[in-house]
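Chemist: Structure file data-v5.txt, compact mmCIF, C-alpha atoms and all ligand atoms, is pasted below:
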# COMPACT_ATOMS: atom_id res chain seq x y z
CA MET V 74 264.48 111.80 84.71
CA ILE V 75 264.36 111.98 88.50
CA GLY V 76 260.69 112.62 89.23
CA ILE V 77 257.34 111.77 87.72
CA GLY V 78 253.72 112.68 88.40
CA ARG V 79 250.32 112.63 86.80
CA ALA V 80 246.76 113.82 87.14
CA LEU V 81 243.55 112.39 85.75
CA PRO V 82 240.22 114.16 85.76
CA GLY V 83 237.16 112.84 87.52
CA ARG V 84 234.86 111.67 84.79
CA CYS V 85 235.55 108.17 83.44
CA VAL V 86 233.91 107.48 80.07
CA THR V 87 233.72 103.92 78.74
CA ASN V 88 233.16 102.81 75.14
CA ASP V 89 229.64 101.82 76.15
CA ASP V 90 229.03 105.33 77.48
CA LEU V 91 230.07 106.75 74.09
CA SER V 92 227.80 104.35 72.24
CA LYS V 93 224.91 106.24 73.83
CA ILE V 94 226.13 109.53 72.35
CA VAL V 95 227.27 108.53 68.84
CA ASP V 96 226.68 105.55 66.56
CA THR V 97 229.57 103.38 67.73
CA ASN V 98 230.23 100.30 69.83
CA ASP V 99 232.79 98.80 72.18
CA ALA V 100 233.88 96.15 69.66
CA TRP V 101 234.75 98.68 66.93
CA ILE V 102 236.62 101.00 69.26
CA SER V 103 238.60 98.32 71.05
CA GLU V 104 239.49 96.38 67.89
CA ARG V 105 240.50 99.42 65.84
CA THR V 106 242.25 101.36 68.57
CA GLY V 107 242.72 99.31 71.75
CA ILE V 108 240.90 102.00 73.76
CA ARG V 109 238.45 100.85 76.46
CA ARG V 110 237.94 104.01 78.47
CA ARG V 111 239.15 107.60 78.78
CA TYR V 112 238.69 110.45 81.28
CA TYR V 113 237.06 113.82 80.73
CA CYS V 114 237.35 116.87 82.94
CA ALA V 115 234.49 117.25 85.38
CA GLU V 116 233.12 120.47 86.86
CA GLY V 117 235.96 122.64 88.15
CA GLU V 118 238.72 120.73 86.31
CA SER V 119 240.66 121.92 83.27
CA ALA V 120 243.94 121.47 81.42
CA ASN V 121 245.57 123.93 83.82
CA SER V 122 244.36 122.22 86.99
CA LEU V 123 245.53 118.81 85.74
CA ILE V 124 248.92 120.15 84.67
CA ILE V 125 249.50 121.86 88.00
CA ALA V 126 248.52 118.73 89.95
CA ALA V 127 250.79 116.49 87.84
CA ALA V 128 253.71 118.92 88.22
CA ARG V 129 253.24 119.06 91.98
CA GLU V 130 253.43 115.28 92.24
CA ALA V 131 256.51 115.09 90.00
CA ILE V 132 258.40 117.64 92.08
CA GLY V 133 257.48 115.74 95.26
CA ASN V 134 258.53 112.47 93.67
CA ALA V 135 261.91 114.03 92.75
CA HIS V 136 262.38 115.03 96.41
CA ILE V 137 263.29 118.61 95.58
CA GLN V 138 261.71 121.92 96.52
CA PRO V 139 259.86 123.92 93.81
CA GLU V 140 262.39 126.76 94.30
CA LYS V 141 265.06 124.49 92.84
CA ILE V 142 263.40 124.33 89.41
CA ASP V 143 265.43 126.19 86.74
CA CYS V 144 263.15 125.87 83.72
CA VAL V 145 259.43 125.16 83.20
CA ILE V 146 258.04 123.88 79.92
CA VAL V 147 254.45 122.82 79.35
CA ALA V 148 253.38 121.02 76.18
CA THR V 149 249.69 121.53 75.43
CA VAL V 150 247.21 122.60 72.76
CA SER V 151 244.34 123.05 75.17
CA GLY V 152 245.48 125.42 77.94
CA ASP V 153 242.86 127.52 79.72
CA TYR V 154 244.19 130.83 78.36
CA VAL V 155 245.85 131.78 75.08
CA THR V 156 247.97 133.98 77.30
CA PRO V 157 249.28 133.63 79.97
CA SER V 158 250.76 130.28 79.11
CA VAL V 159 249.94 127.32 81.32
CA ALA V 160 253.62 127.25 82.31
CA CYS V 161 253.42 130.78 83.75
CA LEU V 162 250.35 129.97 85.84
CA LEU V 163 251.98 126.73 86.95
CA GLN V 164 255.02 128.71 88.04
CA ALA V 165 252.82 131.00 90.11
CA ALA V 166 250.77 128.15 91.58
CA LEU V 167 253.80 126.20 92.79
CA GLY V 168 255.97 129.16 93.82
CA ILE V 169 258.69 128.51 91.27
CA ARG V 170 261.42 131.17 90.89
CA GLU V 171 260.97 134.12 88.53
CA ASN V 172 264.28 134.52 86.72
CA ILE V 173 264.13 131.30 84.73
CA PRO V 174 262.67 130.36 81.30
CA VAL V 175 258.95 129.50 81.54
CA MET V 176 256.90 128.73 78.43
CA ASP V 177 254.40 126.52 76.62
CA ILE V 178 255.16 124.50 73.51
CA ASN V 179 252.69 123.69 70.75
CA ALA V 180 253.90 120.47 69.14
CA ALA V 181 250.72 118.45 69.73
CA CYS V 182 251.34 114.79 70.56
CA ALA V 183 255.10 115.19 70.11
CA GLY V 184 255.02 118.04 72.64
CA PHE V 185 256.33 116.26 75.70
CA LEU V 186 259.52 115.19 73.94
CA TYR V 187 259.86 118.51 72.10
CA GLY V 188 259.59 120.04 75.57
CA THR V 189 262.21 117.69 76.94
CA ALA V 190 264.62 118.67 74.17
CA ALA V 191 263.86 122.37 74.64
CA ALA V 192 264.40 122.10 78.39
CA SER V 193 267.76 120.46 77.86
CA GLY V 194 268.80 123.33 75.60
CA MET V 195 267.44 125.94 78.04
CA LEU V 196 269.45 124.50 80.91
CA GLN V 197 272.56 124.73 78.75
CA VAL V 198 271.95 128.24 77.50
CA CYS V 199 270.44 129.80 80.64
CA GLY V 200 272.23 127.62 83.17
CA GLY V 201 270.61 125.57 85.89
CA ARG V 202 270.21 122.01 87.04
CA TYR V 203 266.54 121.00 87.20
CA ALA V 204 263.84 121.24 84.54
CA LEU V 205 260.12 120.62 84.92
CA VAL V 206 258.45 119.37 81.75
CA VAL V 207 254.70 118.70 81.68
CA GLY V 208 252.35 117.45 78.98
CA GLY V 209 248.67 117.95 79.61
CA GLU V 210 245.43 118.30 77.71
CA GLN V 211 241.73 118.87 78.02
CA LEU V 212 240.85 117.52 74.58
CA SER V 213 237.25 116.81 75.61
CA ARG V 214 236.72 120.56 75.20
CA LEU V 215 237.90 120.41 71.57
CA MET V 216 235.98 117.43 70.30
CA ASP V 217 233.14 117.23 67.84
CA MET V 218 230.87 114.85 69.75
CA THR V 219 228.92 114.14 66.57
CA ASP V 220 231.98 112.86 64.66
CA ARG V 221 232.41 109.23 65.66
CA SER V 222 235.66 108.88 63.73
CA THR V 223 237.44 111.28 66.12
CA CYS V 224 235.49 111.71 69.35
CA VAL V 225 236.00 108.12 70.48
CA LEU V 226 239.78 108.46 70.35
CA PHE V 227 240.73 111.23 72.74
CA GLY V 228 240.82 111.86 76.48
CA ASP V 229 242.05 114.34 79.09
CA GLY V 230 244.99 114.00 81.45
CA ALA V 231 248.42 115.33 82.40
CA GLY V 232 251.83 113.83 83.05
CA ALA V 233 254.92 115.59 84.39
CA ALA V 234 258.62 114.89 84.75
CA VAL V 235 261.51 116.51 86.58
CA TYR V 236 264.83 116.20 84.79
CA GLU V 237 268.24 116.76 86.29
CA ARG V 238 271.00 117.96 84.00
CA ASP V 239 273.61 115.30 83.29
CA ASP V 240 276.93 116.77 82.21
CA THR V 241 278.35 113.37 81.32
CA THR V 242 276.03 112.74 78.34
CA ASN V 243 274.10 114.68 75.74
CA LEU V 244 270.37 114.18 75.36
CA CYS V 245 269.83 112.14 72.18
CA VAL V 246 266.78 113.28 70.24
CA ASP V 247 265.33 113.23 66.76
CA LEU V 248 262.85 116.05 66.15
CA GLY V 249 261.04 116.85 62.96
CA SER V 250 257.91 118.07 61.23
CA ARG V 251 256.07 117.63 57.94
CA GLY V 252 253.83 120.68 57.87
CA GLY V 253 250.25 119.92 56.88
CA LEU V 254 246.63 119.92 58.02
CA ASP V 255 245.94 116.19 58.43
CA ILE V 256 245.17 116.78 62.11
CA GLN V 257 243.80 120.24 62.81
CA ILE V 258 242.00 122.35 65.34
CA GLN V 259 241.04 125.68 63.85
CA GLY V 260 241.87 128.77 65.85
CA ALA V 261 239.51 131.22 67.48
CA GLY V 262 239.64 133.54 64.44
CA SER V 263 238.22 130.96 62.04
CA PRO V 264 234.53 130.75 61.15
CA GLU V 265 234.47 127.01 61.90
CA PRO V 266 234.28 125.65 65.44
CA SER V 267 237.57 124.80 67.19
CA VAL V 268 237.34 121.01 67.16
CA ILE V 269 239.72 118.22 66.23
CA GLN V 270 239.44 117.22 62.58
CA MET V 271 241.56 114.42 61.26
CA ASN V 272 242.36 112.38 58.17
CA GLY V 273 242.75 109.09 60.06
CA ASN V 274 244.19 107.09 57.20
CA ALA V 275 246.88 109.63 56.35
CA VAL V 276 247.85 109.97 60.01
CA PHE V 277 248.06 106.20 60.42
CA ARG V 278 250.44 106.01 57.46
CA PHE V 279 252.49 108.92 58.76
CA ALA V 280 252.76 107.34 62.21
CA VAL V 281 253.79 103.85 61.18
CA GLY V 282 256.40 105.36 58.88
CA VAL V 283 257.87 107.93 61.22
CA ILE V 284 257.95 105.94 64.48
CA PRO V 285 260.48 103.30 63.40
CA SER V 286 262.59 105.83 61.52
CA SER V 287 262.70 108.19 64.51
CA LEU V 288 263.48 105.38 66.96
CA ASN V 289 266.30 104.22 64.71
CA ALA V 290 267.63 107.77 64.36
CA VAL V 291 267.83 108.12 68.16
CA LEU V 292 269.49 104.73 68.53
CA GLU V 293 272.07 105.71 65.94
CA LYS V 294 272.82 109.03 67.63
CA ALA V 295 273.17 107.28 70.99
CA ASN V 296 275.28 104.56 69.42
CA LEU V 297 272.96 101.89 70.86
CA THR V 298 270.87 99.03 69.51
CA MET V 299 267.44 97.75 70.58
CA GLU V 300 269.26 95.27 72.83
CA ASP V 301 270.52 98.14 75.02
CA ILE V 302 267.00 99.54 75.50
CA ASP V 303 264.77 98.45 78.38
CA TRP V 304 261.48 99.93 77.16
CA VAL V 305 260.00 101.63 74.14
CA VAL V 306 257.22 104.09 74.87
CA CYS V 307 255.31 105.37 71.84
CA HIS V 308 252.73 108.13 72.00
CA GLN V 309 249.52 106.25 72.78
CA ALA V 310 247.32 107.14 69.82
CA ASN V 311 246.25 103.72 68.65
CA ALA V 312 247.33 100.26 69.84
CA ARG V 313 247.34 99.13 66.22
CA ILE V 314 249.99 101.72 65.36
CA ILE V 315 252.14 100.55 68.27
CA ASP V 316 251.71 96.87 67.36
CA HIS V 317 252.67 97.56 63.76
CA CYS V 318 255.85 99.36 64.83
CA ALA V 319 256.70 96.78 67.49
CA LYS V 320 256.60 94.09 64.84
CA LYS V 321 258.76 96.15 62.52
CA MET V 322 261.36 97.02 65.17
CA GLY V 323 261.50 93.54 66.73
CA ALA V 324 261.39 93.07 70.52
CA PRO V 325 257.61 93.68 70.76
CA GLU V 326 257.76 92.84 74.49
CA LYS V 327 259.59 96.12 75.08
CA PHE V 328 256.73 98.23 73.67
CA TYR V 329 254.54 99.39 76.55
CA LYS V 330 250.84 100.15 76.02
CA ASN V 331 248.26 101.69 78.34
CA ILE V 332 246.01 103.32 75.76
CA ASP V 333 243.17 101.05 76.94
CA ARG V 334 242.88 103.17 80.11
CA TYR V 335 243.13 106.75 78.84
CA GLY V 336 242.62 106.94 75.07
CA ASN V 337 244.79 109.41 73.19
CA THR V 338 245.76 112.18 75.61
CA SER V 339 248.12 113.92 73.15
CA ALA V 340 251.06 115.57 74.95
CA ALA V 341 250.21 113.73 78.18
CA SER V 342 250.37 110.19 76.84
CA ILE V 343 254.11 109.52 77.13
CA PRO V 344 254.49 110.70 80.74
CA LEU V 345 251.20 108.95 81.63
CA ALA V 346 252.67 105.72 80.26
CA LEU V 347 255.96 106.23 82.11
CA TYR V 348 254.02 106.92 85.29
CA ASP V 349 252.01 103.70 85.07
CA MET V 350 255.17 101.71 84.29
CA TYR V 351 256.78 103.23 87.35
CA ARG V 352 253.83 102.47 89.61
CA GLU V 353 253.62 98.94 88.23
CA GLY V 354 257.27 98.40 89.14
CA LEU V 355 258.34 97.99 85.51
CA LEU V 356 260.34 101.18 85.25
CA LYS V 357 263.46 100.97 87.37
CA ASP V 358 266.40 103.13 88.28
CA GLY V 359 269.14 103.02 85.66
CA GLN V 360 266.92 101.92 82.80
CA LYS V 361 266.96 103.38 79.31
CA VAL V 362 263.68 104.25 77.63
CA LEU V 363 263.34 105.00 73.97
CA ALA V 364 260.32 107.30 73.55
CA VAL V 365 258.62 108.66 70.46
CA GLY V 366 255.76 111.08 69.93
CA PHE V 367 253.94 112.02 66.70
CA GLY V 368 250.86 113.98 65.82
CA GLY V 369 249.41 117.33 64.78
CA GLY V 370 251.83 119.38 62.75
CA LEU V 371 252.58 116.81 61.61
CA THR V 372 255.36 116.70 64.16
CA TRP V 373 257.44 113.89 65.52
CA ALA V 374 260.01 113.55 68.28
CA GLY V 375 262.10 110.64 69.44
CA ALA V 376 264.30 110.73 72.54
CA LEU V 377 266.38 108.51 74.76
CA LEU V 378 265.39 108.95 78.41
CA ASN V 379 267.68 107.87 81.24
CA ILE V 380 265.58 106.89 84.24
CA HIS V 381 266.76 107.77 87.74
CA LEU V 382 263.59 107.41 89.78
CA GLY V 383 263.54 106.38 93.42
CA VAL V 384 261.81 103.24 94.63
CA THR V 385 258.03 103.54 94.58
CA GLU V 386 256.75 104.75 97.92
CA MET E 289 254.68 90.75 41.58
CA ASP E 290 253.92 87.03 41.21
CA PHE E 291 251.15 85.39 43.21
CA GLU E 292 253.54 83.62 45.62
CA THR E 293 255.18 86.92 46.61
CA LEU E 294 251.81 88.58 47.14
CA LYS E 295 250.70 85.59 49.18
CA GLN E 296 253.77 85.91 51.40
CA VAL E 297 253.18 89.64 51.94
CA ILE E 298 249.55 88.93 52.88
CA VAL E 299 250.49 86.13 55.29
CA ASP E 300 253.14 88.32 56.94
CA THR E 301 250.89 91.36 57.26
CA LEU E 302 247.63 89.73 58.32
CA SER E 303 249.20 86.79 60.20
CA CYS E 304 246.72 84.50 58.46
CA ASP E 305 246.85 80.88 57.35
CA GLU E 306 248.79 80.41 54.10
CA ASP E 307 246.25 77.94 52.72
CA LYS E 308 243.48 80.51 53.01
CA VAL E 309 245.19 82.95 50.65
CA THR E 310 243.63 82.07 47.29
CA MET E 311 242.57 84.30 44.40
CA GLU E 312 238.95 84.02 45.52
CA ALA E 313 239.59 84.64 49.24
CA SER E 314 237.68 87.62 50.61
CA LEU E 315 239.94 90.00 52.51
CA ALA E 316 237.35 90.78 55.15
CA GLU E 317 235.42 87.51 55.51
CA ASP E 318 238.08 84.85 54.86
CA LEU E 319 241.23 86.62 56.00
CA GLY E 320 239.73 88.74 58.79
CA ALA E 321 241.18 92.02 57.51
CA ASP E 322 239.58 95.27 58.65
CA SER E 323 240.16 98.71 57.15
CA LEU E 324 243.38 99.31 59.12
CA ASP E 325 244.72 95.91 58.07
CA ALA E 326 244.03 96.99 54.50
CA VAL E 327 246.12 100.12 54.97
CA GLU E 328 248.95 98.03 56.46
CA LEU E 329 248.71 95.57 53.59
CA ASN E 330 248.80 98.38 51.09
CA MET E 331 251.98 99.74 52.64
CA ALA E 332 253.59 96.30 52.69
CA ILE E 333 252.75 95.77 49.00
CA GLU E 334 254.22 99.12 48.11
CA GLU E 335 257.39 98.31 50.04
CA SER E 336 257.74 94.96 48.34
CA CYS E 337 256.96 95.83 44.69
CA GLY E 338 256.83 99.61 44.48
CA VAL E 339 253.20 99.82 43.35
CA ALA E 340 251.07 102.15 45.50
CA ILE E 341 247.37 101.37 45.35
CA PRO E 342 245.33 104.49 46.16
CA ASP E 343 243.46 103.85 49.46
CA GLU E 344 240.13 104.62 47.75
CA GLU E 345 240.76 101.91 45.14
CA LEU E 346 241.78 99.44 47.80
CA GLY E 347 238.51 100.15 49.59
CA ASN E 348 236.69 98.72 46.57
CA MET E 349 238.77 95.56 46.41
CA LYS E 350 237.08 92.60 48.03
CA THR E 351 239.33 89.64 47.21
CA VAL E 352 243.01 88.73 46.94
CA GLY E 353 242.40 88.33 43.20
CA ASP E 354 241.25 91.98 42.95
CA ILE E 355 244.58 93.09 44.40
CA PHE E 356 246.57 90.68 42.25
CA ASN E 357 244.87 91.85 39.06
CA TYR E 358 245.42 95.49 39.98
CA LEU E 359 249.10 94.83 40.55
CA GLN E 360 249.41 92.93 37.24
CA ALA E 361 247.77 95.81 35.40
CA HIS E 362 249.94 98.46 37.09
CA ALA E 363 253.31 96.69 37.18
CA GLU E 364 256.15 98.75 35.74
C1 LIG V 401 240.94 106.77 63.27
C2 LIG V 401 241.18 105.33 62.84
C3 LIG V 401 241.03 104.40 64.03
C4 LIG V 401 240.11 104.99 61.81
O1 LIG V 401 240.29 103.68 61.36
P1 LIG V 401 239.98 103.27 59.86
O2 LIG V 401 239.94 101.83 59.78
O3 LIG V 401 240.89 104.05 58.99
O4 LIG V 401 238.53 103.84 59.74
P2 LIG V 401 237.79 104.37 58.48
O5 LIG V 401 237.66 105.82 58.61
O6 LIG V 401 238.37 103.79 57.22
O7 LIG V 401 236.42 103.72 58.78
C5 LIG V 401 236.14 102.35 58.65
C6 LIG V 401 234.67 102.13 58.93
O8 LIG V 401 234.40 102.28 60.33
C7 LIG V 401 233.38 103.26 60.54
N1 LIG V 401 233.66 103.97 61.79
C8 LIG V 401 234.46 105.05 61.98
N2 LIG V 401 234.46 105.39 63.26
C9 LIG V 401 233.65 104.54 63.91
C10 LIG V 401 233.27 104.39 65.25
N3 LIG V 401 233.71 105.19 66.22
N4 LIG V 401 232.43 103.38 65.55
C11 LIG V 401 231.97 102.55 64.63
N5 LIG V 401 232.29 102.64 63.33
C12 LIG V 401 233.14 103.62 62.97
C13 LIG V 401 233.47 104.14 59.32
O9 LIG V 401 232.27 104.83 59.11
C14 LIG V 401 233.77 103.15 58.23
O10 LIG V 401 232.60 102.48 57.88
P3 LIG V 401 232.32 102.08 56.35
O11 LIG V 401 233.47 101.20 55.94
O12 LIG V 401 231.01 101.41 56.43
O13 LIG V 401 232.30 103.39 55.62
C15 LIG V 401 242.55 105.16 62.22
O14 LIG V 401 242.58 105.75 60.96
C16 LIG V 401 243.63 105.74 63.05
O15 LIG V 401 243.83 105.38 64.20
N6 LIG V 401 244.44 106.64 62.50
C17 LIG V 401 245.48 107.29 63.22
C18 LIG V 401 244.88 108.39 64.01
C19 LIG V 401 245.72 108.88 65.10
O16 LIG V 401 246.40 108.12 65.73
N7 LIG V 401 245.64 110.17 65.34
C20 LIG V 401 246.21 110.82 66.40
C21 LIG V 401 247.63 111.05 66.19
S1 LIG V 401 248.16 112.09 67.44
Would you write the structure of this file as structure tokens?
Modeler:
Amino acid sequence: MIGIGRALPGRCVTNDDLSKIVDTNDAWISERTGIRRRYYCAEGESANSLIIAAAREAIGNAHIQPEKIDCVIVATVSGDYVTPSVACLLQAALGIRENIPVMDINAACAGFLYGTAAASGMLQVCGGRYALVVGGEQLSRLMDMTDRSTCVLFGDGAGAAVYERDDTTNLCVDLGSRGGLDIQIQGAGSPEPSVIQMNGNAVFRFAVGVIPSSLNAVLEKANLTMEDIDWVVCHQANARIIDHCAKKMGAPEKFYKNIDRYGNTSAASIPLALYDMYREGLLKDGQKVLAVGFGGGLTWAGALLNIHLGVTE
Amino acid sequence: MDFETLKQVIVDTLSCDEDKVTMEASLAEDLGADSLDAVELNMAIEESCGVAIPDEELGNMKTVGDIFNYLQAHAE
């Protein structure tokens, strides 16, 4: 990973703000989830605008020109259009070359790492050196604001990374899926509204089971142990899920959390966490990050990310 | 599962004081467990003795004794 960027929308919504819309309170939300605030798109903002802004920053941070990009993958479930994909409009907006693979991926909260794995494969099959992978969502558009068990959890945002192909190592990943409807957003053809519906308990169990097993699978493939890892970045869905897994894996101090600031931003949460770590001076050149995403599908994805970011400007 | 083992699982999962874990102790009031703690506890019990308490049943259990009695009744 040689470049990183992010974009947050303009409207900050605190737990207290939500308590005026649904029957909830700051204590419940922060104790059960660790979330204190989240951002929603304001007038004129959308998943596409956030994704494009995050991608632009990541390319700048990588110190390359957009024409150098050899593959564009966007992970999202909330793009502005069903077609064209967000990736195609991002390509056009940034002036990225035409004869390269450009597509969206629907793997929900595991999307950013699914996208990372797909980009690695694309660079091998289609050739090329640099891949742009973005995760971004406008979940505020897909929420049932009368359902307090879901609407307090999610937020909007986008995070982007530029990867450079490394011929000396293979990307180590662990991807999987357990097909089912425990988290669902019905499509446009269904009679019910397109909003997030979730069986929270089942997803909690899925997450605390799959995170450690996926992290261990990646470690095994990479022939490393937790000692060799600088940071563990889990998809930020619930601080309680991360705490549970940190305890189970040992080395809880390596598990980064910033869910308090953004809520669950689905495909954006992992790059948003990496971005904050970078800006806070925690994420340094040469470090190894073990990342894991999980969510709707139910999908999961673990990956080992090698960080090669410049010093913070 | 004997009471000592259950007690250990509860102490490990809820990070609570060992002395507080009695048959009469209320999960919510005395041990400070909320609904997510209950799910975590349920998973830890299953891991340790193989008995899975349905989440709905666990929702009705108020005390450590309720869990212990369930486990006694459902032990293989
Ligand atoms: C969603 C989640 C926080 C709910 O926690 P939980 O403890 O299982 O919550 P429950 O649904 O059992 O509800 C517990 C109580 O809190 C209440 N409650 C639910 N949402 C509430 C809210 N926003 N504010 C206040 N009270 C709330 C419930 O009504 C229930 O009350 P009751 O016991 O009087 O009936 C939790 O299940 C979770 O995080 N799951 C994983 C979800 C996830 O990460 N999904 C995204 C993956 S990408």
Chemist: Which value, in Å to one decimal, gives the distance between CA of Glu104 (chain V) and CA of Thr293 (chain E)?
Modeler: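 Atom-to-atom, CA of Glu104 (chain V) to CA of Thr293 (chain E), that is 28.1 Å.
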Chemist: Give me, as a PyMOL selection string, the contact residues of chain E against chain V at a cut-off of 12 Å, counting only C-alpha atoms.
Modeler: chain E and resi 300-303+320-332+335+342-344+347
Chemist: Of the candidates E:Met289, E:Leu346, E:Ala313, E:Cys304, which shows the shortest atom-to-atom distance to ligand LIG 401 (chain V), using all atoms listed in the file?
Modeler: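 Nearest to ligand LIG 401 (chain V): E:Leu346.
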Chemist: At a cut-off of 9 Å and counting all atoms listed in the file, what residues surround ligand LIG 401 (chain V)? Please answer as an mmCIF file with C-alpha atoms, keeping the file's coordinate frame.
Modeler:
data_model
loop_
_atom_site.group_PDB
_atom_site.id
_atom_site.type_symbol
_atom_site.label_atom_id
_atom_site.label_comp_id
_atom_site.auth_asym_id
_atom_site.auth_seq_id
_atom_site.Cartn_x
_atom_site.Cartn_y
_atom_site.Cartn_z
ATOM 1 C CA LEU V 91 230.070 106.750 74.090
ATOM 2 C CA SER V 92 227.800 104.350 72.240
ATOM 3 C CA VAL V 95 227.270 108.530 68.840
ATOM 4 C CA ASP V 96 226.680 105.550 66.560
ATOM 5 C CA THR V 97 229.570 103.380 67.730
ATOM 6 C CA ASN V 98 230.230 100.300 69.830
ATOM 7 C CA ASP V 99 232.790 98.800 72.180
ATOM 8 C CA ALA V 100 233.880 96.150 69.660
ATOM 9 C CA TRP V 101 234.750 98.680 66.930
ATOM 10 C CA ILE V 102 236.620 101.000 69.260
ATOM 11 C CA ARG V 105 240.500 99.420 65.840
ATOM 12 C CA THR V 106 242.250 101.360 68.570
ATOM 13 C CA ALA V 181 250.720 118.450 69.730
ATOM 14 C CA CYS V 182 251.340 114.790 70.560
ATOM 15 C CA ALA V 183 255.100 115.190 70.110
ATOM 16 C CA ASP V 220 231.980 112.860 64.660
ATOM 17 C CA ARG V 221 232.410 109.230 65.660
ATOM 18 C CA SER V 222 235.660 108.880 63.730
ATOM 19 C CA THR V 223 237.440 111.280 66.120
ATOM 20 C CA CYS V 224 235.490 111.710 69.350
ATOM 21 C CA VAL V 225 236.000 108.120 70.480
ATOM 22 C CA LEU V 226 239.780 108.460 70.350
ATOM 23 C CA PHE V 227 240.730 111.230 72.740
ATOM 24 C CA ILE V 256 245.170 116.780 62.110
ATOM 25 C CA MET V 271 241.560 114.420 61.260
ATOM 26 C CA ASN V 272 242.360 112.380 58.170
ATOM 27 C CA GLY V 273 242.750 109.090 60.060
ATOM 28 C CA ASN V 274 244.190 107.090 57.200
ATOM 29 C CA ALA V 275 246.880 109.630 56.350
ATOM 30 C CA VAL V 276 247.850 109.970 60.010
ATOM 31 C CA PHE V 277 248.060 106.200 60.420
ATOM 32 C CA ARG V 278 250.440 106.010 57.460
ATOM 33 C CA PHE V 279 252.490 108.920 58.760
ATOM 34 C CA ALA V 280 252.760 107.340 62.210
ATOM 35 C CA HIS V 308 252.730 108.130 72.000
ATOM 36 C CA GLN V 309 249.520 106.250 72.780
ATOM 37 C CA ALA V 310 247.320 107.140 69.820
ATOM 38 C CA ASN V 311 246.250 103.720 68.650
ATOM 39 C CA ALA V 312 247.330 100.260 69.840
ATOM 40 C CA ARG V 313 247.340 99.130 66.220
ATOM 41 C CA ILE V 314 249.990 101.720 65.360
ATOM 42 C CA ASN V 337 244.790 109.410 73.190
ATOM 43 C CA THR V 338 245.760 112.180 75.610
ATOM 44 C CA SER V 339 248.120 113.920 73.150
ATOM 45 C CA ALA V 340 251.060 115.570 74.950
ATOM 46 C CA GLY V 366 255.760 111.080 69.930
ATOM 47 C CA PHE V 367 253.940 112.020 66.700
ATOM 48 C CA GLY V 368 250.860 113.980 65.820
ATOM 49 C CA GLY V 369 249.410 117.330 64.780
ATOM 50 C CA LEU V 371 252.580 116.810 61.610
ATOM 51 C CA ASP E 322 239.580 95.270 58.650
ATOM 52 C CA SER E 323 240.160 98.710 57.150
ATOM 53 C CA LEU E 324 243.380 99.310 59.120
ATOM 54 C CA ASP E 325 244.720 95.910 58.070
ATOM 55 C CA ALA E 326 244.030 96.990 54.500
ATOM 56 C CA VAL E 327 246.120 100.120 54.970
ATOM 57 C CA GLY E 347 238.510 100.150 49.590
#
Chemist: Could you tell me how far CA of Cys85 (chain V) lies from CA of Val155 (chain V), in Å and to one decimal?
Modeler: 27.1 Å
Chemist: Which residue out of E:Glu312, E:Glu334, E:Asp307, E:Asp290 has the minimum interatomic distance to Val352 (chain E) when all atoms listed in the file are used?
Modeler: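 Closest to Val352 (chain E) of all the choices is E:Glu312.
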Chemist: Could you check how far CA of Gly383 (chain V) sits from CA of Tyr187 (chain V), in Å to one decimal?
Modeler: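 Pair CA of Gly383 (chain V) / CA of Tyr187 (chain V) returns 24.8 Å.
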Chemist: Point out the residue among V:Val283, V:Val362, V:Cys144, V:Ser103 with the least atom-to-atom distance to Met299 (chain V), counting only C-alpha atoms.
Modeler: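 Once distances to Met299 (chain V) are computed over only C-alpha atoms, the minimum belongs to V:Val362.
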Chemist: Which residues come within 12 Å of Lys327 (chain V), counting all atoms listed in the file, excluding same-chain residues fewer than 5 positions away, as a VMD selection string?
Modeler: chain V and resid 299 to 307 315 to 316 318 to 320 322 350 355 to 356 361 to 364
Chemist: Please identify all polymer residues within 12 Å of Phe185 (chain V), counting only C-alpha atoms, omitting same-chain residues fewer than 4 positions from it, and present them as an MDAnalysis selection string.
Modeler: chainID V and resid 146:150 177:181 189:192 205:210 231:234 248 307:308 338:345 347 364:368 372:376 378
Chemist: Which residues are near His362 (chain E)? Cut-off 10 Å, all atoms listed in the file, ignore same chain within fewer than 3 positions. Put them as a VMD selection string.
Modeler: chain E and resid 339 to 341 356 to 359
Chemist: I'd like the neighbourhood of Val175 (chain V) as a list in words, where a residue qualifies if any of its atoms comes within 10 Å (using only C-alpha atoms), though same-chain residues fewer than 4 positions away should be ignored.
Modeler: Asp143, Cys144, Val145, Ile146, Val147, Ser158, Val159, Ala160, Cys161, Leu162, Leu163, Gln164, Ile169, Arg170, Glu171, Ala192, Met195 and Leu205 of chain V
